$ cat coords25.pdb   # PDB, C-alpha atoms
ATOM      1  CA  MET R   1     124.859 123.652 122.612
ATOM      2  CA  SER R   2     124.425 124.234 118.910
ATOM      3  CA  LYS R   3     125.723 122.633 115.770
ATOM      4  CA  LYS R   4     126.376 124.188 112.378
ATOM      5  CA  ILE R   5     124.689 122.553 109.376
ATOM      6  CA  LEU R   6     126.172 123.379 105.965
ATOM      7  CA  LEU R   7     124.380 123.368 102.618
ATOM      8  CA  HIS R   8     125.378 124.661  99.188
ATOM      9  CA  ILE R   9     122.603 126.141  97.050
ATOM     10  CA  GLY R  10     123.157 127.912  93.766
ATOM     11  CA  GLY R  11     126.908 127.942  94.330
ATOM     12  CA  ARG R  12     126.564 129.673  97.716
ATOM     13  CA  ARG R  13     127.364 128.148 101.085
ATOM     14  CA  PHE R  14     124.754 128.467 103.811
ATOM     15  CA  ASP R  15     125.529 127.763 107.465
ATOM     16  CA  VAL R  16     122.644 127.196 109.854
ATOM     17  CA  ASP R  17     123.109 126.935 113.614
ATOM     18  CA  VAL R  18     120.655 124.559 115.292
ATOM     19  CA  GLU R  19     120.424 122.810 118.647
ATOM     20  CA  ASP R  20     122.352 119.527 118.872
ATOM     21  CA  GLU R  21     119.286 117.329 119.335
ATOM     22  CA  PHE R  22     117.502 118.886 116.354
ATOM     23  CA  ALA R  23     120.701 118.768 114.280
ATOM     24  CA  LEU R  24     120.640 114.969 114.164
ATOM     25  CA  PHE R  25     117.069 114.981 112.854
ATOM     26  CA  LEU R  26     117.724 117.830 110.400
ATOM     27  CA  GLU R  27     120.863 116.247 108.956
ATOM     28  CA  LYS R  28     118.976 113.024 108.271
ATOM     29  CA  LYS R  29     116.065 114.822 106.598
ATOM     30  CA  MET R  30     118.308 117.138 104.585
ATOM     31  CA  ALA R  31     120.240 114.133 103.278
ATOM     32  CA  GLU R  32     116.940 112.852 101.838
ATOM     33  CA  ASP R  33     116.272 116.135  99.995
ATOM     34  CA  PHE R  34     119.681 117.548  99.093
ATOM     35  CA  ASN R  35     123.143 116.677  97.869
ATOM     36  CA  ILE R  36     124.886 117.270 101.186
ATOM     37  CA  ASP R  37     128.396 117.000  99.728
ATOM     38  CA  GLY R  38     127.874 119.189  96.677
ATOM     39  CA  ASN R  39     125.909 122.011  95.149
ATOM     40  CA  ASN R  40     122.112 122.072  94.831
ATOM     41  CA  ASP R  41     120.341 124.218  92.280
ATOM     42  CA  LEU R  42     117.268 126.280  93.096
ATOM     43  CA  ARG R  43     114.985 123.690  91.480
ATOM     44  CA  VAL R  44     116.106 121.125  94.067
ATOM     45  CA  LEU R  45     115.377 123.610  96.847
ATOM     46  CA  LEU R  46     111.913 124.332  95.466
ATOM     47  CA  HIS R  47     111.082 120.623  95.145
ATOM     48  CA  ALA R  48     112.214 120.002  98.734
ATOM     49  CA  TYR R  49     110.073 122.914  99.926
ATOM     50  CA  VAL R  50     106.989 121.612  98.106
ATOM     51  CA  ARG R  51     107.557 118.043  99.405
ATOM     52  CA  LYS R  52     107.876 119.223 103.004
ATOM     53  CA  ASN R  53     104.763 121.363 102.712
ATOM     54  CA  HIS R  54     102.849 118.409 101.290
ATOM     55  CA  GLU R  55     103.990 116.296 104.250
ATOM     56  CA  LEU R  56     102.781 119.047 106.588
ATOM     57  CA  TYR R  57      99.444 119.241 104.753
ATOM     58  CA  VAL R  58      98.898 115.473 105.068
ATOM     59  CA  GLN R  59      99.867 115.592 108.738
ATOM     60  CA  GLU R  60      97.412 118.432 109.411
ATOM     61  CA  GLN R  61      94.648 116.523 107.617
ATOM     62  CA  LYS R  62      95.289 113.500 109.846
ATOM     63  CA  VAL R  63      95.245 115.657 112.987
ATOM     64  CA  GLN R  64      91.930 117.204 111.937
ATOM     65  CA  GLU R  65      90.474 113.759 111.251
ATOM     66  CA  ILE R  66      91.610 112.436 114.638
ATOM     67  CA  THR R  67      90.272 115.550 116.371
ATOM     68  CA  LYS R  68      86.906 115.136 114.650
ATOM     69  CA  ASN R  69      86.755 111.455 115.628
ATOM     70  CA  ILE R  70      87.489 112.303 119.254
ATOM     71  CA  LYS R  71      84.787 114.999 119.270
ATOM     72  CA  ASP R  72      82.303 112.546 117.729
ATOM     73  CA  LEU R  73      82.977 110.097 120.553
ATOM     74  CA  GLY R  74      82.124 112.672 123.218
TER      75      GLY R  74
END

$ encode --input "coords25.pdb" --output "structure tokens"
Amino acid sequence: MSKKILLHIGGRRFDVDVEDEFALFLEKKMAEDFNIDGNNDLRVLLHAYVRKNHELYVQEQKVQEITKNIKDLG
């Protein structure tokens, strides 16, 4: 099954269809970054994009560090 997630950016409505299980996660995360009940300007979208990419960068750094530590053990 899929669920439709709605978001308003720059006065336009965007509908995104995602799987039900992922929808719960996405709705929670989007509520942290966006005004779910109203309009979001492009600046808000850009800030959310940069924040999420920073989170990904930090996560990748941690994975590389763990991988290096595991290799050093062997």

$ resolve_selection --input "coords25.pdb" --expression "the PyMOL selection byres ((chain R and resi 29-38) around 12)" --output "number ranges by chain"
R: 5-14, 22-28, 39-52

$ atom_distance --input "coords25.pdb" --atom1 "CA of Ser2 (chain R)" --atom2 "CA of Glu55 (chain R)"
26.4 Å

$ resolve_selection --input "coords25.pdb" --expression "the PyMOL selection byres ((chain R and resi 1) around 8)" --output "list in words"
Ser2, Lys3, Glu19 and Asp20 of chain R

$ atom_distance --input "coords25.pdb" --atom1 "CA of Ile66 (chain R)" --atom2 "CA of His54 (chain R)"
18.4 Å

$ atom_distance --input "coords25.pdb" --atom1 "CA of Val58 (chain R)" --atom2 "CA of Ile70 (chain R)"
18.5 Å

$ axis_aligned_box --input "coords25.pdb" --around "region 7-17 of chain R" --padding-each-side "4 Å" --output "lines of an AutoDock Vina configuration file"
center_x = 125.0
center_y = 126.5
center_z = 103.7
size_x = 12.8
size_y = 14.3
size_z = 27.8

$ residues_around --input "coords25.pdb" --residues "Lys4 (chain R)" --least-positions-apart "6" --cutoff "7 Å" --atoms "all atoms listed in the file" --output "list in words"
Asp15, Val16, Asp17 and Val18 of chain R
